[in-house]
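Structure first, then comments.
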Amino acid sequence: MQHKPPQSPETGHAVIADVAKIKEQTILQRILASQAFWVSVALALLVTYMSILQPSFGTVDNVANVTRNLAPFGIMALGMTVVIITGGIDLSVGSIMGLVAIVAGLFLTWEYPWYVAFLMGLLTGIACGAVNGFFVAYVGMPSFVVTLGMLSIARSLAVVLSGNQMLYKFGPDAPMVKAIGQAKWPVQTPGDWIPDWIPQFSSHFWVMVAMALALGYALNFKPWGRHLLAIGGNENAARLTGVPVDWIKFLAYVFSAFTAAVASLLLLGYNGSAINAMGQGYELRVIAATVIGGANLMGGAGTAFGAVIGAAFLEVIRNALLMAGIDSNWQGAFVGAFIILAVLLGMQSGGKSLIAATVERLFPKKHR
Amino acid sequence: MALLEVRNVSKNFGAIRALMDVSFAIGPGEVVGLMGDNGAGKSTMVKLIAGNFPPSDGEVLVNGEVCHFHKPIEARAKGIEVVYQDLAIADNLTAAQNVFLGREITKGVWPFRVLDKQAMIDRSAELFAELKSETRPRDLVRKMSGGQRQAVAIALISHRMPDVFAVCDRIIVLRRGTKVADKVTAMTSPEEITGLITGAILAA
Ligand SMILES: Nc1ncnc2c1ncn2[C@@H]1O[C@H](COP(=O)(O)OP(=O)(O)O)[C@@H](O)[C@H]1O
Ligand SMILES: [Mg+2]
């Protein structure tokens with residue numbers, strides 16, 4: 001018997017009419033529709049403007065500084081992006097940084113080799129992430145609650161373990177730890193072949209770049225990336241089609257904590273000391289960077305590029321405010337305002353942008 | 001040996017007895033239709049086989065091996081795939097991405113095994129063409145109107161659910177949680193099956 005798909009005349013009509021309306025998106029249209037692209041444009045304008053206005057802004061030293069400052073946020077924004085794509089949130093990253101720094105700092109103080117200390121730091125971070133992931137993915141608790149709890153637990157552990165002291169007597173491997181945290185590439189020496197306009201980028205920056213490339217690759221070319229997006233888009237659909245939803249969600253929190261641990265160790269190396277307050281309040285900036293870069297707090301959207309761009313945008317704004325002589329206490333207000341703005345711009349309401357929808361609600365069309 | 005065997009399976013949801021002592025076996029290469037009225041227990045049976053929940057009583061055997069599935073992924077590992085009628089779609093993905101969700105085509109060697117996007121797009125385009133649907137594999141489901149979205153779902157389902165009598169070797173009929181018939185398709189008629197489903201014909 002011949003195979004005939006059941007098709008009612010009504011559906012047949014609807015299909016043809018609908019198809020006539022929407023055209024397949026070109027790559028250009030896709031780029032123009034992405035928030036990360038427009039933030040990049042804004043960032044480029046801001047950088048140009050600042051470079052003209054403030055000669056000290058565009059110097060190679062300041063570029064090296066800004067890119068180093070933004071890197072820990074960019075690194076953690078990569079982890080946050082993965083969590084936010086699943087529709088969750090990780091409020092514990094700042095506290096995990098503090099705990100990781102203290103654990104690694106303690107092992108250094110006890111004169112263990114640097115790699116043992118770093119490994120213990122990373123494992124501590126991963127353990128925190130595993131606890132988060134377990135309660136969110138397998139127990140089914142809201143990520144907000146679980147990671148808020150971890151925010152408190154990890155910070156408290158950091159304070160207790162450190163005896164509320166700064167750790168800085170790092171034993172024989174102290175120079176190595178510093179070398180990692182303060183490494184630069186390319187290194188400019190007078191009279192070398194490297195053009196002088198190339199900044200000496202920090203190890204923090206390069207780690208961020210490498211991790212962003214790795215995440216971008218995985219998100220775009222691995223089934224894992226598809227599954228992550230599907231979970232954020234429609235968790236039930238993902239589960240029914242056989243996506244290992246719980247495992248992927250669990251891994252998202254582990255990855256987020258891992259990025260916090262990496263950022264923490266880089267900062268530990270840079271400072272040559274560990275304090276239990278490291279990363280305090282960073283979660284807000286990381287979340288801000290992530291949503292500015294176009295990740296959707298409702299889940300289902302986010303890119304590695306966006307995470308880095310969002311972090312860069314926030315840091316450049318911060319740097320610009322400092323240079324403009326604005327009291328640094330204003331930073332929080334700006335970060336907060338940008339979170340609201342970014343979410344506002346990215347929000348969709350019934351297929352329209354939220355702004356268009358709001359305008360329509362305030363000024364309803366009389367005739368439809 | 002039966003490929004899949006359901007042995008004396010019952011399923012209760014609290015006081016609701018969705019399945020009562022149902023048994024059947026499916027051999028290799030056999031296509032079997034499970035039919036029944038609304039609420040007869042079809043979905044419950046399928047979800048049970050697929051590992052969404054364990055039976056209250058009885059057991060499911062795959063290749064003669066008793067399986068206690070607790071999650072769909074465990075059933076999948078045993079080769080059980082389910083396409084749901086109320087097919088949920090992730091609207092942040094494209095049509096093709098939805099078609100292949102959870103069973104993506106990949107290429108290359110580990111650890112550089114990557115998605116074979118083109119293969120998935122081509123295959124989806126073929127599927128849609130077969131169904132005479134104008135759906136394009138690269139279109140985001142979110143950008144589709146209600147009608148078109150429905151068209152995608154219909155296209156996907158109708159592709160997997162052709163005429164029961166043309167495809168099935170056997171038809172099992174459920175009614176109010178019990179098996180009332182298990183018939184070879186060639187030995188029955190749509191009228192008889194309809195009668196069994198509605199209860200006009202009592203258990204045969
Ligand atoms: N999760 C559940 N909780 C309570 N009752 C359920 C549940 N799932 C199914 N049922 C009941 O079990 C019976 C069989 O349902 P179902 O398997 O969905 O039937 P069908 O798919 O054949 O229409 C119905 O009476 C339904 O209300
Ligand atoms: Mg059903």
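Chain labels follow the order of the structure tokens: the first chain is A, the next B, and so on; residue numbering restarts at 1 in every chain, and ligands are counted from 1 in their shown order.
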Shell of 9 Å around Glu104 in chain B, only C-alpha atoms, local chain residues under 5 positions omitted, as an MDAnalysis selection string = (chainID A and resid 223 226) or (chainID B and resid 97 99 115:117 120)
Write the selection just made, keeping all heavy atoms, as a PDB file, in the first residue's frame?
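New file again05.pdb:
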ATOM      1  N   PRO A 223      27.327  17.022  20.076  1.00  0.00           N
ATOM      2  CA  PRO A 223      25.939  16.761  20.486  1.00  0.00           C
ATOM      3  C   PRO A 223      25.644  17.377  21.858  1.00  0.00           C
ATOM      4  O   PRO A 223      24.535  17.850  22.105  1.00  0.00           O
ATOM      5  CB  PRO A 223      25.881  15.231  20.555  1.00  0.00           C
ATOM      6  CG  PRO A 223      26.897  14.769  19.591  1.00  0.00           C
ATOM      7  CD  PRO A 223      28.005  15.793  19.654  1.00  0.00           C
ATOM      8  N   ARG A 226      24.063  20.752  21.572  1.00  0.00           N
ATOM      9  CA  ARG A 226      22.667  20.630  21.170  1.00  0.00           C
ATOM     10  C   ARG A 226      21.792  20.278  22.364  1.00  0.00           C
ATOM     11  O   ARG A 226      20.715  20.837  22.559  1.00  0.00           O
ATOM     12  CB  ARG A 226      22.498  19.490  20.167  1.00  0.00           C
ATOM     13  CG  ARG A 226      22.858  19.800  18.775  1.00  0.00           C
ATOM     14  CD  ARG A 226      21.807  20.683  18.134  1.00  0.00           C
ATOM     15  NE  ARG A 226      22.411  21.359  17.014  1.00  0.00           N
ATOM     16  CZ  ARG A 226      22.619  20.790  15.844  1.00  0.00           C
ATOM     17  NH1 ARG A 226      22.227  19.560  15.628  1.00  0.00           N
ATOM     18  NH2 ARG A 226      23.197  21.463  14.886  1.00  0.00           N
TER      19      ARG A 226
ATOM     20  N   GLN B  97      17.182  20.194  13.851  1.00  0.00           N
ATOM     21  CA  GLN B  97      17.761  19.912  15.160  1.00  0.00           C
ATOM     22  C   GLN B  97      16.773  19.157  16.031  1.00  0.00           C
ATOM     23  O   GLN B  97      17.155  18.280  16.809  1.00  0.00           O
ATOM     24  CB  GLN B  97      18.204  21.211  15.842  1.00  0.00           C
ATOM     25  CG  GLN B  97      19.436  21.813  15.177  1.00  0.00           C
ATOM     26  CD  GLN B  97      19.754  23.203  15.676  1.00  0.00           C
ATOM     27  OE1 GLN B  97      18.950  23.831  16.365  1.00  0.00           O
ATOM     28  NE2 GLN B  97      20.922  23.693  15.323  1.00  0.00           N
ATOM     29  N   VAL B  99      14.353  17.176  14.849  1.00  0.00           N
ATOM     30  CA  VAL B  99      14.175  15.833  14.299  1.00  0.00           C
ATOM     31  C   VAL B  99      15.256  14.897  14.840  1.00  0.00           C
ATOM     32  O   VAL B  99      14.986  13.749  15.168  1.00  0.00           O
ATOM     33  CB  VAL B  99      14.207  15.863  12.757  1.00  0.00           C
ATOM     34  CG1 VAL B  99      14.252  14.448  12.198  1.00  0.00           C
ATOM     35  CG2 VAL B  99      12.999  16.606  12.214  1.00  0.00           C
ATOM     36  N   LEU B 115      29.243  16.981  15.177  1.00  0.00           N
ATOM     37  CA  LEU B 115      27.934  16.861  14.555  1.00  0.00           C
ATOM     38  C   LEU B 115      28.078  16.903  13.040  1.00  0.00           C
ATOM     39  O   LEU B 115      28.811  17.731  12.508  1.00  0.00           O
ATOM     40  CB  LEU B 115      27.053  18.035  14.991  1.00  0.00           C
ATOM     41  CG  LEU B 115      26.680  18.098  16.461  1.00  0.00           C
ATOM     42  CD1 LEU B 115      26.067  19.453  16.780  1.00  0.00           C
ATOM     43  CD2 LEU B 115      25.726  16.987  16.818  1.00  0.00           C
ATOM     44  N   ASP B 116      27.374  16.011  12.358  1.00  0.00           N
ATOM     45  CA  ASP B 116      27.331  16.075  10.910  1.00  0.00           C
ATOM     46  C   ASP B 116      26.079  16.859  10.542  1.00  0.00           C
ATOM     47  O   ASP B 116      25.034  16.305  10.222  1.00  0.00           O
ATOM     48  CB  ASP B 116      27.299  14.668  10.314  1.00  0.00           C
ATOM     49  CG  ASP B 116      27.562  14.691   8.819  1.00  0.00           C
ATOM     50  OD1 ASP B 116      27.438  15.781   8.209  1.00  0.00           O
ATOM     51  OD2 ASP B 116      27.876  13.631   8.258  1.00  0.00           O
ATOM     52  N   LYS B 117      26.214  18.211  10.616  1.00  0.00           N
ATOM     53  CA  LYS B 117      25.042  19.062  10.444  1.00  0.00           C
ATOM     54  C   LYS B 117      24.422  18.886   9.069  1.00  0.00           C
ATOM     55  O   LYS B 117      23.210  18.820   8.921  1.00  0.00           O
ATOM     56  CB  LYS B 117      25.413  20.525  10.667  1.00  0.00           C
ATOM     57  CG  LYS B 117      25.868  20.802  12.098  1.00  0.00           C
ATOM     58  CD  LYS B 117      26.193  22.266  12.299  1.00  0.00           C
ATOM     59  CE  LYS B 117      26.746  22.491  13.700  1.00  0.00           C
ATOM     60  NZ  LYS B 117      27.110  23.888  13.940  1.00  0.00           N
ATOM     61  N   MET B 120      22.329  15.819   8.706  1.00  0.00           N
ATOM     62  CA  MET B 120      21.052  15.916   9.414  1.00  0.00           C
ATOM     63  C   MET B 120      20.077  16.823   8.663  1.00  0.00           C
ATOM     64  O   MET B 120      18.880  16.548   8.584  1.00  0.00           O
ATOM     65  CB  MET B 120      21.274  16.402  10.843  1.00  0.00           C
ATOM     66  CG  MET B 120      21.956  15.346  11.698  1.00  0.00           C
ATOM     67  SD  MET B 120      22.013  15.758  13.439  1.00  0.00           S
ATOM     68  CE  MET B 120      23.492  16.735  13.513  1.00  0.00           C
TER      69      MET B 120
END
Could you build a table of the residues in chain B lying no more than 8 Å from ligand 2, giving for each the nearest pair of atoms and their separation in Å rounded to one decimal place, using only C-alpha atoms and all ligand atoms, ordered by chain and ascending residue number, as a Markdown table?
| residue | atom | partner | partner_atom_place_in_ligand_line | distance |
| --- | --- | --- | --- | --- |
| B:Asn38 | CA | ligand 2 | 1 (Mg) | 6.7 |
| B:Gly39 | CA | ligand 2 | 1 (Mg) | 6.7 |
| B:Gly41 | CA | ligand 2 | 1 (Mg) | 6.9 |
| B:Lys42 | CA | ligand 2 | 1 (Mg) | 5.6 |
| B:Ser43 | CA | ligand 2 | 1 (Mg) | 4.1 |
| B:Thr44 | CA | ligand 2 | 1 (Mg) | 7.3 |
| B:Gln85 | CA | ligand 2 | 1 (Mg) | 7.7 |
Restrict the selected residues to N, CA, C and O atoms and save them as a compact mmCIF listing (two decimals), in the first residue's frame.
# COMPACT_ATOMS: atom_id res chain seq x y z
N ASN B 38 -9.35 6.11 24.31
CA ASN B 38 -8.74 7.06 25.24
C ASN B 38 -8.75 6.49 26.65
O ASN B 38 -9.78 6.02 27.10
N GLY B 39 -7.61 6.54 27.30
CA GLY B 39 -7.56 6.06 28.67
C GLY B 39 -7.45 4.55 28.80
O GLY B 39 -7.50 4.01 29.90
N GLY B 41 -4.84 2.80 28.31
CA GLY B 41 -3.56 2.46 28.93
C GLY B 41 -2.40 2.33 27.95
O GLY B 41 -1.32 1.87 28.32
N LYS B 42 -2.59 2.78 26.72
CA LYS B 42 -1.53 2.68 25.71
C LYS B 42 -0.28 3.45 26.12
O LYS B 42 0.83 2.92 26.13
N SER B 43 -0.50 4.71 26.47
CA SER B 43 0.65 5.55 26.81
C SER B 43 1.36 5.00 28.05
O SER B 43 2.59 4.99 28.12
N THR B 44 0.56 4.55 29.00
CA THR B 44 1.15 3.99 30.21
C THR B 44 2.02 2.79 29.86
O THR B 44 3.15 2.66 30.35
N GLN B 85 3.58 10.71 20.80
CA GLN B 85 2.49 11.31 20.04
C GLN B 85 2.38 12.80 20.38
O GLN B 85 2.32 13.65 19.51
Which polymer residues have any atom within 8 Å of an atom of Phe165 in chain B, counting only C-alpha atoms, with same-chain residues fewer than 4 positions away left out, as a ChimeraX atom specification?
-> /B:169,185,190
Taking the backbone alone, and naming residues the way the document does, which bits of range 87-123 of chain B are strand (DSSP E or B) by DSSP, as a PyMOL selection string?
-> chain B and resi 94+106-107+114-115
Counting only C-alpha atoms, the residue of B:Ile73, B:Leu4, B:Cys67, B:Cys168 that sits nearest chain A =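 Comparing B:Ile73, B:Leu4, B:Cys67, B:Cys168 against chain A, the winner is B:Ile73.
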If you count only C-alpha atoms and all ligand atoms, which residues end up within 9 Å of ligand 1, as a list in words?
->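 My answer, listing the contacting residues, is Lys11, Asn12, Phe13, Gly14, Ala15, Ile16, Arg17, Ala18, Leu19, Met35, Gly36, Asp37, Asn38, Gly39, Ala40, Gly41, Lys42, Ser43, Thr44, Met45, Val46, Lys47, Leu174, Arg175, Arg176 and Gly177 of chain B.
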Surrounding residues of range 231-247 of chain A excluding itself and chain neighbours under 2 positions, 7 Å, only C-alpha atoms, as JSON, numbers by chain | {"A": [85, 86, 87, 137, 138, 227, 228, 229, 249, 250, 251, 299, 300], "B": [72, 73, 88, 89, 90, 91, 92, 101, 102]}
Of the candidates A:Leu341, A:Val159, A:Met166, A:Val47, which one gets nearest to Val316 in chain A if we count only C-alpha atoms?
->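 For Val316 in chain A, the nearest of the candidates is A:Val47.
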From A:Gly94, A:Ile27, A:Gly302, A:Val100, residue lying nearest Ser152 in chain A [only C-alpha atoms] =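 Among A:Gly94, A:Ile27, A:Gly302, A:Val100, it is A:Gly94 that comes nearest to Ser152 in chain A.
Taking CA of Gly133 in chain A and CA of Phe255 in chain A as endpoints, the distance between them is 9.6 Å.
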Any idea what's packed within 7 Å of Leu3 in chain B, counting only C-alpha atoms, ignoring anything in its chain fewer than 3 positions away? Could you give it as a list in words?
-> Ile26, Gly27, Pro28, Val62 and Asn63 of chain B
Shell of 9 Å around Ala311 in chain A, only C-alpha atoms, local chain residues under 6 positions omitted, as a PyMOL selection string = chain A and resi 70-75+77+285-286+288-290+292-293
For the residues in the current selection, export C-alpha atoms as a PDB file, in the first residue's frame.
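File selection22.pdb, as written:
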ATOM      1  CA  LEU A  70      38.341  41.069  32.499  1.00  0.00           C
ATOM      2  CA  ALA A  71      39.736  37.554  32.057  1.00  0.00           C
ATOM      3  CA  PRO A  72      38.597  36.046  35.397  1.00  0.00           C
ATOM      4  CA  PHE A  73      35.096  37.351  34.707  1.00  0.00           C
ATOM      5  CA  GLY A  74      35.227  36.097  31.145  1.00  0.00           C
ATOM      6  CA  ILE A  75      36.395  32.674  32.298  1.00  0.00           C
ATOM      7  CA  ALA A  77      31.081  33.812  32.409  1.00  0.00           C
ATOM      8  CA  ARG A 285      29.354  40.736  37.600  1.00  0.00           C
ATOM      9  CA  VAL A 286      29.683  37.275  36.084  1.00  0.00           C
ATOM     10  CA  ALA A 288      25.822  40.478  34.253  1.00  0.00           C
ATOM     11  CA  ALA A 289      28.571  39.662  31.751  1.00  0.00           C
ATOM     12  CA  THR A 290      26.735  36.521  30.729  1.00  0.00           C
ATOM     13  CA  ILE A 292      24.926  41.173  28.436  1.00  0.00           C
ATOM     14  CA  GLY A 293      26.571  38.693  26.081  1.00  0.00           C
TER      15      GLY A 293
END
Give the helix (DSSP H, G or I) residues of range 103-342 of chain A, as DSSP finds them on the backbone, and put them as an MDAnalysis selection string.
-> chainID A and resid 103:109 114:138 143:162 171:182 203:221 223:233 235:240 245:271 282:292 304:323 328:342
For Val160 in chain A: contacts at 12 Å, only C-alpha atoms, fewer than 3 positions along chain excluded, given as a list in words = Gly98, Leu99, Ile102, Val103, Leu106, Ile153, Ala154, Arg155, Ser156, Leu157, Gly163, Asn164, Gln165, Met166, Ile275, Asn276 and Ala277 of chain A
Between range 241-331 of chain A and range 205-221 of chain A, at 12 Å or less, what are the per-residue closest atom pairs and their distances in Å? Count only C-alpha atoms, order by chain and rising residue number, and return it as a tab-separated table.
residue	atom	partner	partner_atom	distance
A:Ala252	CA	A:Leu215	CA	11.8
A:Phe255	CA	A:Leu215	CA	10.5
A:Ser256	CA	A:Leu215	CA	11.8
A:Phe258	CA	A:Met211	CA	11.3
A:Thr259	CA	A:Met211	CA	9.0
A:Ala260	CA	A:Met208	CA	11.7
A:Val262	CA	A:Val207	CA	8.8
A:Ala263	CA	A:Met208	CA	9.0
A:Leu265	CA	A:Val207	CA	11.5
A:Leu266	CA	A:Val207	CA	9.1
A:Leu267	CA	A:Phe205	CA	11.7
A:Gly300	CA	A:Leu219	CA	12.0
A:Ala301	CA	A:Leu219	CA	10.8
A:Gly302	CA	A:Leu219	CA	9.3
A:Thr303	CA	A:Gly216	CA	6.9
A:Ala304	CA	A:Gly216	CA	5.2
A:Phe305	CA	A:Ala212	CA	6.9
A:Gly306	CA	A:Ala212	CA	9.7
A:Ala307	CA	A:Ala212	CA	8.4
A:Val308	CA	A:Ala212	CA	7.4
A:Ile309	CA	A:Ala212	CA	10.6
A:Ala311	CA	A:Met208	CA	10.8
A:Ala312	CA	A:Phe205	CA	10.9
Output N, CA, C and O atoms of each residue in that selection to a file, as a PDB file, in the first residue's frame.
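And here's part-v2.pdb as it stands now:
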ATOM      1  N   ALA A 252      26.898  20.860  34.046  1.00  0.00           N
ATOM      2  CA  ALA A 252      26.913  22.308  33.862  1.00  0.00           C
ATOM      3  C   ALA A 252      27.401  23.001  35.142  1.00  0.00           C
ATOM      4  O   ALA A 252      28.222  23.921  35.083  1.00  0.00           O
ATOM      5  N   PHE A 255      31.073  22.336  35.664  1.00  0.00           N
ATOM      6  CA  PHE A 255      31.880  23.160  34.778  1.00  0.00           C
ATOM      7  C   PHE A 255      31.943  24.604  35.279  1.00  0.00           C
ATOM      8  O   PHE A 255      33.005  25.232  35.280  1.00  0.00           O
ATOM      9  N   SER A 256      30.819  25.120  35.731  1.00  0.00           N
ATOM     10  CA  SER A 256      30.788  26.487  36.237  1.00  0.00           C
ATOM     11  C   SER A 256      31.751  26.640  37.424  1.00  0.00           C
ATOM     12  O   SER A 256      32.530  27.586  37.499  1.00  0.00           O
ATOM     13  N   PHE A 258      34.262  24.756  38.074  1.00  0.00           N
ATOM     14  CA  PHE A 258      35.619  24.570  37.554  1.00  0.00           C
ATOM     15  C   PHE A 258      36.167  25.895  37.016  1.00  0.00           C
ATOM     16  O   PHE A 258      37.314  26.260  37.285  1.00  0.00           O
ATOM     17  N   THR A 259      35.350  26.641  36.286  1.00  0.00           N
ATOM     18  CA  THR A 259      35.818  27.923  35.754  1.00  0.00           C
ATOM     19  C   THR A 259      36.132  28.887  36.901  1.00  0.00           C
ATOM     20  O   THR A 259      37.104  29.642  36.829  1.00  0.00           O
ATOM     21  N   ALA A 260      35.333  28.822  37.975  1.00  0.00           N
ATOM     22  CA  ALA A 260      35.606  29.673  39.129  1.00  0.00           C
ATOM     23  C   ALA A 260      36.944  29.293  39.753  1.00  0.00           C
ATOM     24  O   ALA A 260      37.729  30.156  40.173  1.00  0.00           O
ATOM     25  N   VAL A 262      39.532  27.900  38.220  1.00  0.00           N
ATOM     26  CA  VAL A 262      40.617  28.349  37.335  1.00  0.00           C
ATOM     27  C   VAL A 262      40.877  29.839  37.535  1.00  0.00           C
ATOM     28  O   VAL A 262      42.026  30.276  37.709  1.00  0.00           O
ATOM     29  N   ALA A 263      39.804  30.621  37.557  1.00  0.00           N
ATOM     30  CA  ALA A 263      39.948  32.068  37.742  1.00  0.00           C
ATOM     31  C   ALA A 263      40.608  32.356  39.089  1.00  0.00           C
ATOM     32  O   ALA A 263      41.484  33.216  39.207  1.00  0.00           O
ATOM     33  N   LEU A 265      42.683  30.455  40.850  1.00  0.00           N
ATOM     34  CA  LEU A 265      44.099  30.092  40.879  1.00  0.00           C
ATOM     35  C   LEU A 265      44.947  31.108  40.120  1.00  0.00           C
ATOM     36  O   LEU A 265      46.071  31.425  40.531  1.00  0.00           O
ATOM     37  N   LEU A 266      44.398  31.634  39.026  1.00  0.00           N
ATOM     38  CA  LEU A 266      45.137  32.653  38.275  1.00  0.00           C
ATOM     39  C   LEU A 266      45.319  33.910  39.133  1.00  0.00           C
ATOM     40  O   LEU A 266      46.406  34.506  39.165  1.00  0.00           O
ATOM     41  N   LEU A 267      44.254  34.301  39.823  1.00  0.00           N
ATOM     42  CA  LEU A 267      44.345  35.485  40.677  1.00  0.00           C
ATOM     43  C   LEU A 267      45.256  35.242  41.878  1.00  0.00           C
ATOM     44  O   LEU A 267      45.998  36.128  42.297  1.00  0.00           O
ATOM     45  N   GLY A 300      18.101  28.242  27.163  1.00  0.00           N
ATOM     46  CA  GLY A 300      17.954  27.965  25.741  1.00  0.00           C
ATOM     47  C   GLY A 300      18.794  28.805  24.806  1.00  0.00           C
ATOM     48  O   GLY A 300      18.766  28.581  23.606  1.00  0.00           O
ATOM     49  N   ALA A 301      19.526  29.785  25.334  1.00  0.00           N
ATOM     50  CA  ALA A 301      20.366  30.609  24.461  1.00  0.00           C
ATOM     51  C   ALA A 301      21.604  31.092  25.206  1.00  0.00           C
ATOM     52  O   ALA A 301      21.532  31.421  26.384  1.00  0.00           O
ATOM     53  N   GLY A 302      22.708  31.150  24.488  1.00  0.00           N
ATOM     54  CA  GLY A 302      23.958  31.627  25.058  1.00  0.00           C
ATOM     55  C   GLY A 302      25.126  31.158  24.219  1.00  0.00           C
ATOM     56  O   GLY A 302      25.055  30.100  23.604  1.00  0.00           O
ATOM     57  N   THR A 303      26.182  31.986  24.162  1.00  0.00           N
ATOM     58  CA  THR A 303      27.360  31.615  23.379  1.00  0.00           C
ATOM     59  C   THR A 303      28.625  31.897  24.164  1.00  0.00           C
ATOM     60  O   THR A 303      28.625  32.724  25.083  1.00  0.00           O
ATOM     61  N   ALA A 304      29.702  31.211  23.801  1.00  0.00           N
ATOM     62  CA  ALA A 304      30.991  31.437  24.436  1.00  0.00           C
ATOM     63  C   ALA A 304      31.491  32.846  24.089  1.00  0.00           C
ATOM     64  O   ALA A 304      31.997  33.573  24.947  1.00  0.00           O
ATOM     65  N   PHE A 305      31.315  33.224  22.837  1.00  0.00           N
ATOM     66  CA  PHE A 305      31.740  34.550  22.403  1.00  0.00           C
ATOM     67  C   PHE A 305      31.008  35.632  23.204  1.00  0.00           C
ATOM     68  O   PHE A 305      31.617  36.592  23.678  1.00  0.00           O
ATOM     69  N   GLY A 306      29.713  35.448  23.365  1.00  0.00           N
ATOM     70  CA  GLY A 306      28.917  36.413  24.124  1.00  0.00           C
ATOM     71  C   GLY A 306      29.425  36.572  25.549  1.00  0.00           C
ATOM     72  O   GLY A 306      29.484  37.688  26.073  1.00  0.00           O
ATOM     73  N   ALA A 307      29.802  35.468  26.178  1.00  0.00           N
ATOM     74  CA  ALA A 307      30.290  35.517  27.558  1.00  0.00           C
ATOM     75  C   ALA A 307      31.524  36.408  27.654  1.00  0.00           C
ATOM     76  O   ALA A 307      31.641  37.262  28.543  1.00  0.00           O
ATOM     77  N   VAL A 308      32.440  36.211  26.715  1.00  0.00           N
ATOM     78  CA  VAL A 308      33.684  36.984  26.730  1.00  0.00           C
ATOM     79  C   VAL A 308      33.405  38.459  26.410  1.00  0.00           C
ATOM     80  O   VAL A 308      33.941  39.364  27.064  1.00  0.00           O
ATOM     81  N   ILE A 309      32.552  38.684  25.419  1.00  0.00           N
ATOM     82  CA  ILE A 309      32.225  40.057  25.034  1.00  0.00           C
ATOM     83  C   ILE A 309      31.530  40.784  26.182  1.00  0.00           C
ATOM     84  O   ILE A 309      31.802  41.954  26.469  1.00  0.00           O
ATOM     85  N   ALA A 311      31.844  40.215  29.379  1.00  0.00           N
ATOM     86  CA  ALA A 311      32.840  40.508  30.410  1.00  0.00           C
ATOM     87  C   ALA A 311      33.701  41.694  29.985  1.00  0.00           C
ATOM     88  O   ALA A 311      34.017  42.582  30.786  1.00  0.00           O
ATOM     89  N   ALA A 312      34.076  41.707  28.707  1.00  0.00           N
ATOM     90  CA  ALA A 312      34.902  42.800  28.191  1.00  0.00           C
ATOM     91  C   ALA A 312      34.148  44.123  28.275  1.00  0.00           C
ATOM     92  O   ALA A 312      34.701  45.147  28.704  1.00  0.00           O
TER      93      ALA A 312
END
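Checking B:Ser124, B:Thr198, B:Thr94, B:Thr178 one by one against Arg149 in chain B, counting only C-alpha atoms, you find the shortest gap at B:Thr94.
Between chain A and the candidates B:Val6, B:Leu196, B:Leu93, B:Val173, the tightest atom-to-atom separation, counting only C-alpha atoms, involves B:Leu93.
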Considering only C-alpha atoms, state which residue in the set A:Ile326, A:Leu362, A:Leu148, A:Val177 is at the smallest distance from Gly105 in chain A.
->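 That would be A:Val177, the residue with the smallest distance to Gly105 in chain A.
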